[in-house]
>>> print(open('input.cif').read())   # mmCIF, C-alpha atoms and all ligand atoms
data_work
#
loop_
_atom_site.label_atom_id
_atom_site.label_comp_id
_atom_site.auth_asym_id
_atom_site.auth_seq_id
_atom_site.Cartn_x
_atom_site.Cartn_y
_atom_site.Cartn_z
CA MET A 1 9.84 5.08 16.49
CA ILE A 2 9.00 1.37 16.53
CA GLU A 3 11.60 -1.02 17.88
CA ILE A 4 11.20 -4.70 17.19
CA ASP A 5 13.54 -6.42 19.63
CA ARG A 6 14.53 -10.08 19.13
CA ILE A 7 10.94 -11.06 18.55
CA THR A 8 10.28 -14.78 18.13
CA ARG A 9 7.17 -16.84 17.55
CA LEU A 10 7.24 -20.62 17.81
CA TYR A 11 4.55 -22.93 16.46
CA ASN A 12 4.94 -26.47 17.80
CA GLY A 13 8.52 -25.66 18.74
CA VAL A 14 9.40 -24.42 15.24
CA PRO A 15 10.13 -20.69 14.81
CA ALA A 16 7.80 -18.96 12.30
CA VAL A 17 9.61 -15.73 13.23
CA ASP A 18 13.10 -16.16 14.57
CA ALA A 19 14.69 -13.42 16.72
CA VAL A 20 13.88 -10.54 14.37
CA THR A 21 15.31 -7.17 15.40
CA MET A 22 14.63 -3.98 13.47
CA THR A 23 13.87 -0.32 14.03
CA VAL A 24 11.25 1.60 12.06
CA GLU A 25 11.54 5.41 12.05
CA THR A 26 8.39 7.51 12.44
CA GLY A 27 7.03 8.84 9.16
CA THR A 28 8.63 6.16 6.98
CA VAL A 29 7.42 3.18 4.96
CA THR A 30 9.00 -0.17 5.75
CA VAL A 31 8.14 -3.04 3.45
CA ILE A 32 8.62 -6.60 4.70
CA VAL A 33 9.13 -8.85 1.72
CA GLY A 34 9.62 -12.59 1.46
CA THR A 35 8.24 -15.74 -0.11
CA SER A 36 5.11 -17.45 1.19
CA GLY A 37 5.60 -18.98 4.63
CA SER A 38 8.63 -16.84 5.49
CA GLY A 39 6.88 -15.38 8.56
CA LYS A 40 5.79 -11.96 7.28
CA THR A 41 2.18 -12.09 8.48
CA THR A 42 3.17 -13.52 11.86
CA LEU A 43 5.73 -10.73 12.34
CA LEU A 44 3.18 -8.06 11.39
CA ARG A 45 0.50 -9.50 13.68
CA MET A 46 2.87 -9.51 16.64
CA ILE A 47 3.19 -5.73 16.29
CA ASN A 48 -0.48 -5.14 17.15
CA ARG A 49 -0.66 -8.28 19.30
CA LEU A 50 -3.09 -10.16 17.14
CA GLU A 51 -0.37 -12.77 17.72
CA GLU A 52 1.60 -12.95 20.98
CA PRO A 53 5.38 -13.32 20.74
CA SER A 54 7.00 -16.40 22.30
CA SER A 55 9.85 -14.10 23.30
CA GLY A 56 11.14 -10.62 22.59
CA GLU A 57 9.09 -7.43 22.48
CA VAL A 58 7.97 -4.46 20.41
CA ARG A 59 8.34 -0.90 21.73
CA ILE A 60 6.46 2.08 20.34
CA ASN A 61 8.14 5.35 21.32
CA GLY A 62 9.96 3.45 24.05
CA GLU A 63 6.82 1.85 25.52
CA SER A 64 6.61 -1.95 25.42
CA THR A 65 3.40 -3.06 23.70
CA LEU A 66 3.18 -5.82 26.31
CA THR A 67 2.19 -3.13 28.84
CA ILE A 68 -0.67 -1.81 26.66
CA LYS A 69 -4.03 -3.61 26.61
CA PRO A 70 -4.44 -5.22 23.17
CA HIS A 71 -7.73 -3.45 22.36
CA ILE A 72 -6.21 -0.05 23.21
CA LEU A 73 -3.13 -0.89 21.16
CA ARG A 74 -5.27 -1.85 18.15
CA ARG A 75 -7.09 1.47 18.25
CA ARG A 76 -3.75 3.22 17.82
CA ILE A 77 -2.62 0.94 15.02
CA GLY A 78 -4.49 0.74 11.70
CA TYR A 79 -4.65 -2.65 10.01
CA ALA A 80 -5.49 -3.30 6.37
CA ILE A 81 -5.51 -6.71 4.76
CA GLN A 82 -5.77 -8.07 1.24
CA GLY A 83 -9.00 -7.18 -0.52
CA HIS A 84 -10.76 -4.05 0.57
CA GLY A 85 -13.16 -5.64 3.08
CA LEU A 86 -15.74 -2.84 2.72
CA PHE A 87 -19.20 -3.21 4.22
CA PRO A 88 -21.41 -3.64 1.13
CA HIS A 89 -24.55 -2.13 2.71
CA HIS A 90 -22.82 0.99 4.02
CA THR A 91 -22.02 4.05 1.95
CA VAL A 92 -18.45 5.07 1.18
CA ALA A 93 -18.68 7.73 3.89
CA ARG A 94 -19.81 5.26 6.56
CA ASN A 95 -17.17 2.78 5.51
CA ILE A 96 -14.37 5.35 5.81
CA GLY A 97 -15.81 6.73 9.05
CA ALA A 98 -16.23 3.33 10.71
CA VAL A 99 -13.24 3.54 13.09
CA PRO A 100 -13.63 7.27 13.96
CA GLU A 101 -17.26 6.44 14.79
CA LEU A 102 -16.09 3.71 17.17
CA LEU A 103 -13.78 6.28 18.73
CA ASN A 104 -16.76 8.61 19.27
CA TRP A 105 -15.56 11.40 17.03
CA SER A 106 -18.25 14.05 16.42
CA ALA A 107 -20.30 13.74 13.23
CA ASP A 108 -18.77 16.97 11.87
CA LYS A 109 -15.24 15.80 12.50
CA ILE A 110 -15.90 12.42 10.85
CA SER A 111 -17.52 14.07 7.86
CA ALA A 112 -14.59 16.46 7.39
CA ARG A 113 -12.13 13.58 7.66
CA VAL A 114 -14.05 11.49 5.10
CA ASP A 115 -14.04 14.36 2.60
CA GLU A 116 -10.35 15.06 3.20
CA LEU A 117 -9.44 11.44 2.52
CA LEU A 118 -11.67 11.17 -0.55
CA ARG A 119 -9.97 14.26 -2.00
CA LEU A 120 -6.54 12.83 -1.22
CA PHE A 121 -7.50 9.76 -3.23
CA SER A 122 -8.79 11.95 -6.08
CA MET A 123 -12.43 10.98 -5.49
CA GLU A 124 -14.76 13.98 -5.48
CA PRO A 125 -16.69 13.80 -2.16
CA ALA A 126 -19.96 15.08 -3.66
CA THR A 127 -19.85 12.26 -6.21
CA PHE A 128 -18.63 9.43 -4.04
CA ARG A 129 -19.51 9.82 -0.37
CA ASN A 130 -23.05 8.44 -0.72
CA ARG A 131 -22.29 5.62 -3.12
CA TYR A 132 -22.24 1.98 -2.09
CA PRO A 133 -19.16 -0.20 -2.69
CA GLY A 134 -20.99 -2.06 -5.48
CA GLU A 135 -21.24 1.24 -7.37
CA LEU A 136 -17.45 1.68 -7.50
CA SER A 137 -14.77 0.24 -9.79
CA GLY A 138 -12.31 -2.25 -8.28
CA GLY A 139 -9.62 0.43 -8.06
CA GLN A 140 -12.00 2.86 -6.35
CA GLN A 141 -13.04 0.19 -3.82
CA GLN A 142 -9.39 -0.42 -3.01
CA ARG A 143 -8.80 3.31 -2.50
CA VAL A 144 -11.73 3.49 -0.11
CA GLY A 145 -10.30 0.49 1.77
CA VAL A 146 -6.97 2.25 2.27
CA ALA A 147 -8.71 5.53 3.16
CA ARG A 148 -10.63 3.67 5.84
CA ALA A 149 -7.43 2.28 7.36
CA LEU A 150 -6.02 5.83 7.54
CA ALA A 151 -9.20 7.49 8.79
CA SER A 152 -8.52 7.57 12.53
CA ARG A 153 -4.97 8.95 12.03
CA PRO A 154 -3.31 5.86 13.48
CA ASP A 155 0.21 6.17 14.93
CA LEU A 156 1.10 3.25 12.75
CA LEU A 157 -0.55 1.54 9.81
CA LEU A 158 0.05 -2.18 9.24
CA MET A 159 -0.83 -3.48 5.78
CA ASP A 160 -0.75 -7.17 4.87
CA GLU A 161 -0.57 -7.63 1.08
CA PRO A 162 -3.10 -4.76 0.65
CA PHE A 163 -2.76 -4.74 -3.13
CA GLY A 164 -2.35 -8.49 -3.55
CA ALA A 165 -5.73 -8.89 -5.26
CA LEU A 166 -5.16 -6.08 -7.74
CA ASP A 167 -4.11 -6.46 -11.34
CA PRO A 168 -0.36 -5.62 -11.62
CA VAL A 169 -1.04 -2.51 -13.67
CA ILE A 170 -3.54 -1.02 -11.25
CA ARG A 171 -1.23 -2.00 -8.44
CA THR A 172 1.41 0.45 -9.66
CA ARG A 173 -1.11 3.25 -9.41
CA ALA A 174 -2.29 2.10 -5.99
CA GLN A 175 1.31 2.12 -4.77
CA ASP A 176 1.92 5.62 -6.11
CA ASP A 177 -1.25 6.91 -4.45
CA LEU A 178 -0.37 5.30 -1.14
CA ARG A 179 3.12 6.76 -1.27
CA ARG A 180 1.86 10.26 -2.11
CA ILE A 181 -0.74 10.18 0.67
CA GLN A 182 1.72 8.73 3.18
CA LYS A 183 4.09 11.64 2.45
CA GLN A 184 1.29 14.18 2.80
CA LEU A 185 0.01 12.73 6.08
CA GLY A 186 3.43 11.74 7.46
CA SER A 187 2.09 8.29 8.37
CA THR A 188 4.30 5.44 9.54
CA ILE A 189 3.55 2.31 7.56
CA ILE A 190 4.74 -1.27 7.78
CA LEU A 191 3.56 -3.19 4.73
CA VAL A 192 3.97 -6.87 3.93
CA THR A 193 4.27 -8.22 0.40
CA HIS A 194 5.71 -11.16 -1.54
CA ASP A 195 6.38 -8.82 -4.49
CA MET A 196 9.92 -7.41 -4.55
CA GLU A 197 8.96 -4.84 -7.19
CA GLU A 198 6.28 -3.49 -4.86
CA ALA A 199 8.82 -3.38 -2.02
CA ILE A 200 11.31 -1.42 -4.10
CA ARG A 201 8.70 1.07 -5.36
CA LEU A 202 7.16 1.78 -1.98
CA ALA A 203 9.76 1.43 0.69
CA ASP A 204 12.10 3.77 2.49
CA ARG A 205 13.46 0.57 4.04
CA VAL A 206 13.04 -2.97 2.76
CA ALA A 207 13.17 -5.87 5.23
CA VAL A 208 13.71 -9.24 3.55
CA MET A 209 12.48 -12.32 5.41
CA ASP A 210 13.62 -15.86 4.66
CA SER A 211 12.48 -18.84 6.78
CA GLY A 212 11.50 -16.66 9.74
CA GLN A 213 14.73 -14.68 9.75
CA LEU A 214 15.42 -11.12 8.73
CA VAL A 215 18.17 -11.57 6.16
CA GLN A 216 18.55 -7.95 5.04
CA HIS A 217 17.22 -4.57 6.13
CA GLY A 218 18.20 -1.60 4.01
CA THR A 219 17.22 1.01 1.45
CA PRO A 220 15.84 -0.22 -1.89
CA ALA A 221 19.13 0.83 -3.53
CA GLU A 222 21.14 -1.26 -1.06
CA ILE A 223 18.91 -4.27 -1.61
CA ILE A 224 19.32 -4.01 -5.39
CA THR A 225 23.02 -3.23 -5.53
CA ARG A 226 24.28 -5.24 -2.56
CA PRO A 227 21.92 -8.17 -1.88
CA ALA A 228 23.09 -9.79 1.35
CA THR A 229 22.30 -13.37 0.37
CA GLU A 230 21.63 -15.47 -2.75
CA PHE A 231 17.98 -15.52 -1.74
CA VAL A 232 17.75 -11.72 -1.82
CA ALA A 233 19.59 -11.58 -5.16
CA ASP A 234 17.17 -14.15 -6.55
CA MET A 235 14.13 -12.16 -5.37
CA VAL A 236 15.50 -8.97 -6.93
CA GLY A 237 16.23 -10.85 -10.18
CA ARG A 238 12.66 -12.07 -10.48
CA VAL A 239 11.08 -8.59 -10.55
CA GLU A 240 8.35 -8.83 -13.14
CA ARG A 241 9.06 -8.22 -16.81
CA PRO A 242 5.78 -8.38 -18.76
CA LEU A 243 5.16 -4.63 -18.56
CA ARG A 244 8.76 -3.67 -19.18
CA LEU A 245 8.13 -2.71 -22.82
CA LEU A 246 5.41 -0.23 -21.89
CA SER A 247 7.68 1.18 -19.19
CA LEU A 248 10.25 2.04 -21.84
CA VAL A 249 7.98 3.89 -24.27
CA PRO A 250 7.17 7.54 -23.53
CA VAL A 251 3.59 8.78 -23.72
CA SER A 252 4.73 11.26 -26.41
CA GLU A 253 4.75 8.40 -28.96
CA LEU A 254 1.00 7.90 -28.72
CA VAL A 255 -0.25 11.43 -28.04
CA GLU A 256 -3.27 12.34 -30.14
CA GLU A 257 -5.42 15.46 -30.40
CA GLY A 258 -8.39 15.65 -28.08
CA VAL A 259 -9.37 16.29 -24.51
CA ALA A 260 -9.61 14.01 -21.49
CA GLU A 261 -10.61 14.42 -17.87
CA GLY A 262 -8.31 14.40 -14.88
CA GLU A 263 -4.77 15.33 -14.01
CA ALA A 264 -2.36 15.43 -16.96
CA LEU A 265 0.70 13.23 -17.34
CA PRO A 266 3.91 14.76 -18.68
CA VAL A 267 4.92 13.71 -22.23
CA ASP A 268 7.94 11.89 -20.89
CA ALA A 269 5.86 9.67 -18.57
CA SER A 270 5.77 6.04 -19.74
CA LEU A 271 2.90 4.24 -21.40
CA ARG A 272 2.87 2.02 -18.38
CA ASP A 273 2.14 5.07 -16.21
CA ALA A 274 -0.64 6.09 -18.57
CA LEU A 275 -2.14 2.60 -18.58
CA SER A 276 -2.07 2.59 -14.78
CA VAL A 277 -3.94 5.89 -14.65
CA CYS A 278 -6.61 4.63 -17.08
CA LEU A 279 -7.20 1.44 -15.13
CA TRP A 280 -6.99 3.03 -11.71
CA THR A 281 -9.37 5.90 -12.46
CA GLY A 282 -11.61 3.99 -14.86
CA ARG A 283 -11.09 6.67 -17.57
CA ALA A 284 -10.66 5.83 -21.25
CA ALA A 285 -8.05 8.56 -21.84
CA VAL A 286 -5.51 10.66 -19.94
CA PRO A 287 -4.58 14.27 -20.75
CA VAL A 288 -0.93 14.88 -21.62
CA GLU A 289 1.05 18.04 -20.92
CA GLN A 290 4.43 19.45 -21.81
CA ASP A 291 5.94 22.23 -19.68
CA GLY A 292 2.54 22.84 -18.12
CA VAL A 293 0.69 23.16 -21.45
CA LEU A 294 -1.87 20.53 -22.52
CA VAL A 295 -0.75 18.91 -25.76
CA GLY A 296 -3.45 16.25 -26.20
CA ARG A 297 -4.33 12.90 -24.75
CA VAL A 298 -3.40 9.25 -24.80
CA THR A 299 -6.15 6.65 -24.90
CA PHE A 300 -6.47 3.27 -23.25
CA GLU A 301 -7.25 1.74 -26.66
CA ALA A 302 -4.07 3.11 -28.23
CA ILE A 303 -1.95 1.76 -25.36
CA ARG A 304 -3.60 -1.65 -25.62
CA ALA A 305 -3.04 -1.75 -29.36
CA ARG A 306 0.62 -0.88 -28.84
CA ALA A 307 1.03 -3.59 -26.20
CA ARG A 308 -0.57 -6.14 -28.52
CA ALA A 309 1.62 -5.10 -31.46
CA HIS A 310 4.76 -5.96 -29.45
CA PRO A 311 3.87 -8.90 -27.25
P1 LIG B 401 3.86 -15.48 5.36
O1 LIG B 401 2.91 -14.41 5.77
O2 LIG B 401 5.25 -14.99 5.08
O3 LIG B 401 3.35 -16.30 4.21
P2 LIG B 401 3.21 -16.70 7.91
O4 LIG B 401 3.65 -15.73 8.93
O5 LIG B 401 1.75 -16.74 7.61
O6 LIG B 401 4.05 -16.51 6.57
O7 LIG B 401 3.64 -18.15 8.34
C1 LIG B 401 4.98 -18.47 8.72
C2 LIG B 401 5.07 -19.93 9.13
O8 LIG B 401 4.34 -20.14 10.33
C3 LIG B 401 4.48 -20.89 8.11
O9 LIG B 401 5.29 -22.04 8.08
C4 LIG B 401 3.13 -21.21 8.67
O10 LIG B 401 2.71 -22.48 8.28
C5 LIG B 401 3.36 -21.14 10.17
N1 LIG B 401 2.14 -20.71 10.90
C6 LIG B 401 1.53 -19.51 10.77
N2 LIG B 401 0.45 -19.44 11.59
C7 LIG B 401 0.38 -20.63 12.23
C8 LIG B 401 -0.52 -21.19 13.20
N3 LIG B 401 -1.54 -20.48 13.68
N4 LIG B 401 -0.28 -22.44 13.62
C9 LIG B 401 0.78 -23.16 13.16
N5 LIG B 401 1.65 -22.69 12.24
C10 LIG B 401 1.47 -21.46 11.78
MG MG B 402 1.08 -13.76 4.89
#
>>> encode(input="input.cif", output="structure tokens", more="lines below")
Ligand code: ADP
Ligand code: MG
Amino acid sequence: MIEIDRITRLYNGVPAVDAVTMTVETGTVTVIVGTSGSGKTTLLRMINRLEEPSSGEVRINGESTLTIKPHILRRRIGYAIQGHGLFPHHTVARNIGAVPELLNWSADKISARVDELLRLFSMEPATFRNRYPGELSGGQQQRVGVARALASRPDLLLMDEPFGALDPVIRTRAQDDLRRIQKQLGSTIILVTHDMEEAIRLADRVAVMDSGQLVQHGTPAEIITRPATEFVADMVGRVERPLRLLSLVPVSELVEEGVAEGEALPVDASLRDALSVCLWTGRAAVPVEQDGVLVGRVTFEAIRARARAHP
């Protein structure tokens, strides 16, 4: 359990984070959402002491982080920032294994962990472990970046706008993958975003920041149905609309005969889901199934044509 207790950070006497108190349960995803300048990054960086609080403290399992040396603390806490930040001259395997290597894990243990994470992200180890970042699609690079942040099994993973650089359609897929992997590994994640839709999709608990203050902390359903302030209501109201049409059309409308690689989507999945899979995996088509039986495929081209027909 992570307890943030009246934590404050002043810059030139002005609070960037103003007496924020919140508890994060182990094994959950908390998303801190707010507009630019609301104090999200400062709050996140005080958790691993990249930024020192002016007052207040953070406790991890009852232990104040002020009593832990910052470099020890940062080994226990993973940190992922916008963009993937991969080392271009290192293979995928070395990139993912970078922190375990620092922690002196054995070569066998690192190798097993790399393969486990690649499989979790649906990247066949034999195909991908020896590639360089430049030989991957943007979505694959992003997956490797998140795999790297998870590699050393941190107690806590802090993520600052990790999908901010991704196209909104790929982002949906990235969020789903992160959520699935978080559930499988039982990780505790605190993620910062300015995107309320991302917060609602990913979070067990959403924490809304406005001008350095925590204005609401609740489940996504509570945030949507009972926004605590006008500001929260306004953020919920602005959730993006451009892809709404594709979200409403089931894959069944565009199913055609033919085969495709990869995991099948059910016929009642949306075209938006199918588009996400195409862009995220770099495949031109996705197999479609009904009650466990393959019924055909839906292609990227067909989805694009449909989106263009109804702008
Ligand atoms: P967010 O991540 O929500 O965009 P930040 O935490 O980066 O917000 O910043 C919150 C406020 O604190 C902003 O007004 C910003 O200008 C200010 N701030 C952040 N870092 C510093 C700094 N090192 N020195 C002075 N002001 C800062
Ligand atoms: Mg920020």
>>> closest_atom_pairs(input="input.cif", of="chain A", to="ligand LIG 401 (chain B)", cutoff="10 Å", atoms="all atoms listed in the file", output="Markdown table")
| residue | atom | partner | partner_atom | distance |
| --- | --- | --- | --- | --- |
| A:Arg9 | CA | B:LIG401 | O8 | 8.4 |
| A:Leu10 | CA | B:LIG401 | O8 | 8.0 |
| A:Tyr11 | CA | B:LIG401 | C9 | 5.0 |
| A:Asn12 | CA | B:LIG401 | C9 | 7.1 |
| A:Gly13 | CA | B:LIG401 | C9 | 9.9 |
| A:Val14 | CA | B:LIG401 | O8 | 8.2 |
| A:Pro15 | CA | B:LIG401 | O8 | 7.3 |
| A:Ala16 | CA | B:LIG401 | O8 | 4.2 |
| A:Val17 | CA | B:LIG401 | C1 | 7.0 |
| A:Ile32 | CA | B:LIG401 | O2 | 9.0 |
| A:Val33 | CA | B:LIG401 | O2 | 8.0 |
| A:Gly34 | CA | B:LIG401 | O2 | 6.2 |
| A:Thr35 | CA | B:LIG401 | O2 | 6.0 |
| A:Ser36 | CA | B:LIG401 | O3 | 3.7 |
| A:Gly37 | CA | B:LIG401 | O6 | 3.5 |
| A:Ser38 | CA | B:LIG401 | O2 | 3.9 |
| A:Gly39 | CA | B:LIG401 | O4 | 3.3 |
| A:Lys40 | CA | B:LIG401 | O2 | 3.8 |
| A:Thr41 | CA | B:LIG401 | O1 | 3.6 |
| A:Thr42 | CA | B:LIG401 | O4 | 3.7 |
| A:Leu43 | CA | B:LIG401 | O4 | 6.4 |
| A:Leu44 | CA | B:LIG401 | O4 | 8.1 |
| A:Arg45 | CA | B:LIG401 | O4 | 8.4 |
| A:Met46 | CA | B:LIG401 | O4 | 9.9 |
| A:Glu51 | CA | B:LIG401 | N3 | 8.8 |
| A:Asp160 | CA | B:LIG401 | O1 | 8.2 |
| A:Glu161 | CA | B:LIG401 | O1 | 8.9 |
| A:Val192 | CA | B:LIG401 | O1 | 7.8 |
| A:Thr193 | CA | B:LIG401 | O2 | 8.3 |
| A:His194 | CA | B:LIG401 | O2 | 7.7 |
| A:Met209 | CA | B:LIG401 | O2 | 7.7 |
| A:Asp210 | CA | B:LIG401 | O2 | 8.4 |
| A:Ser211 | CA | B:LIG401 | C1 | 7.8 |
| A:Gly212 | CA | B:LIG401 | C1 | 6.8 |
>>> closest_residue(input="input.cif", among="A:Ala126, A:Val146, A:Ala107, A:Leu102", to="Gly85 of chain A", atoms="all atoms listed in the file")
A:Val146
>>> residues_around(input="input.cif", residues="Ala221 of chain A", least_positions_apart="5", cutoff="12 Å", atoms="only C-alpha atoms", output="PyMOL selection string")
chain A and resi 199-201+203-206+226-227+236
>>> atom_distance(input="input.cif", atom1="atom CA of Arg272 of chain A", atom2="atom CA of Ala285 of chain A")
13.2 Å
>>> atom_distance(input="input.cif", atom1="atom CA of Ile190 of chain A", atom2="atom CA of Phe87 of chain A")
24.3 Å
>>> closest_residue(input="input.cif", among="A:Pro266, A:Gly292, A:Gly27, A:Pro53", to="Ile4 of chain A", atoms="only C-alpha atoms")
A:Pro53
>>> residues_around(input="input.cif", residues="Glu257 of chain A", least_positions_apart="6", cutoff="9 Å", atoms="all atoms listed in the file", output="short mmCIF file (atom, residue, chain, number, x, y, z; two decimals) with C-alpha atoms, in the frame of the given file")
data_model
loop_
_atom_site.label_atom_id
_atom_site.label_comp_id
_atom_site.auth_asym_id
_atom_site.auth_seq_id
_atom_site.Cartn_x
_atom_site.Cartn_y
_atom_site.Cartn_z
CA VAL A 295 -0.75 18.91 -25.76
CA GLY A 296 -3.45 16.25 -26.20
CA ARG A 297 -4.33 12.90 -24.75
CA VAL A 298 -3.40 9.25 -24.80
#
>>> residues_near_point(input="input.cif", point="(-21.9, 2.3, -1.2)", cutoff="7 Å", atoms="only C-alpha atoms", output="number ranges by chain")
A: 88-92, 130-135
>>> residues_near_point(input="input.cif", point="(7.3, 5.0, -26.4)", cutoff="10 Å", atoms="all atoms listed in the file", output="JSON list (two decimals) with C-alpha atoms, in the frame of the given file")
[["chain", "number", "residue", "atom", "x", "y", "z"],
["A", 245, "LEU", "CA", 8.13, -2.71, -22.82],
["A", 246, "LEU", "CA", 5.41, -0.23, -21.89],
["A", 247, "SER", "CA", 7.68, 1.18, -19.19],
["A", 248, "LEU", "CA", 10.25, 2.04, -21.84],
["A", 249, "VAL", "CA", 7.98, 3.89, -24.27],
["A", 250, "PRO", "CA", 7.17, 7.54, -23.53],
["A", 251, "VAL", "CA", 3.59, 8.78, -23.72],
["A", 252, "SER", "CA", 4.73, 11.26, -26.41],
["A", 253, "GLU", "CA", 4.75, 8.40, -28.96],
["A", 254, "LEU", "CA", 1.00, 7.90, -28.72],
["A", 267, "VAL", "CA", 4.92, 13.71, -22.23],
["A", 268, "ASP", "CA", 7.94, 11.89, -20.89],
["A", 269, "ALA", "CA", 5.86, 9.67, -18.57],
["A", 270, "SER", "CA", 5.77, 6.04, -19.74],
["A", 271, "LEU", "CA", 2.90, 4.24, -21.40],
["A", 272, "ARG", "CA", 2.87, 2.02, -18.38],
["A", 303, "ILE", "CA", -1.95, 1.76, -25.36],
["A", 306, "ARG", "CA", 0.62, -0.88, -28.84]]
>>> closest_residue(input="input.cif", among="A:Gly139, A:Ala305, A:Ile7, A:Gly262", to="Val286 of chain A", atoms="only C-alpha atoms")
A:Gly262
>>> closest_residue(input="input.cif", among="A:Leu214, A:Met1, A:Met159, A:Ile47", to="ligand MG 402 (chain B)", atoms="only C-alpha atoms and all ligand atoms")
A:Met159
>>> atom_distance(input="input.cif", atom1="atom CA of Glu25 of chain A", atom2="atom CA of Ile2 of chain A")
6.5 Å
>>> residues_around(input="input.cif", residues="segment 71-73 of chain A", least_positions_apart="5", cutoff="9 Å", atoms="only C-alpha atoms", output="ChimeraX atom specification")
/A:48-49,65
>>> residues_around(input="input.cif", residues="Glu3 of chain A", least_positions_apart="4", cutoff="12 Å", atoms="only C-alpha atoms", output="VMD selection string")
chain A and resid 7 20 to 26 47 56 to 65
>>> closest_residue(input="input.cif", among="A:Glu222, A:Asp195, A:Glu289, A:Glu263", to="ligand MG 402 (chain B)", atoms="all atoms listed in the file")
A:Asp195
>>> residues_around(input="input.cif", residues="Gln182 of chain A", least_positions_apart="6", cutoff="10 Å", atoms="all atoms listed in the file", output="PyMOL selection string")
chain A and resi 27-29+150+176+188-189
>>> write_last_selection(input="input.cif", atoms="C-alpha atoms", output="CSV table (one decimal), in the coordinates of the input")
chain,number,residue,atom,x,y,z
A,27,GLY,CA,7.0,8.8,9.2
A,28,THR,CA,8.6,6.2,7.0
A,29,VAL,CA,7.4,3.2,5.0
A,150,LEU,CA,-6.0,5.8,7.5
A,176,ASP,CA,1.9,5.6,-6.1
A,188,THR,CA,4.3,5.4,9.5
A,189,ILE,CA,3.6,2.3,7.6
>>> closest_residue(input="input.cif", among="A:Val114, A:Ile223, A:Val169, A:Leu191", to="ligand MG 402 (chain B)", atoms="only C-alpha atoms and all ligand atoms")
A:Leu191
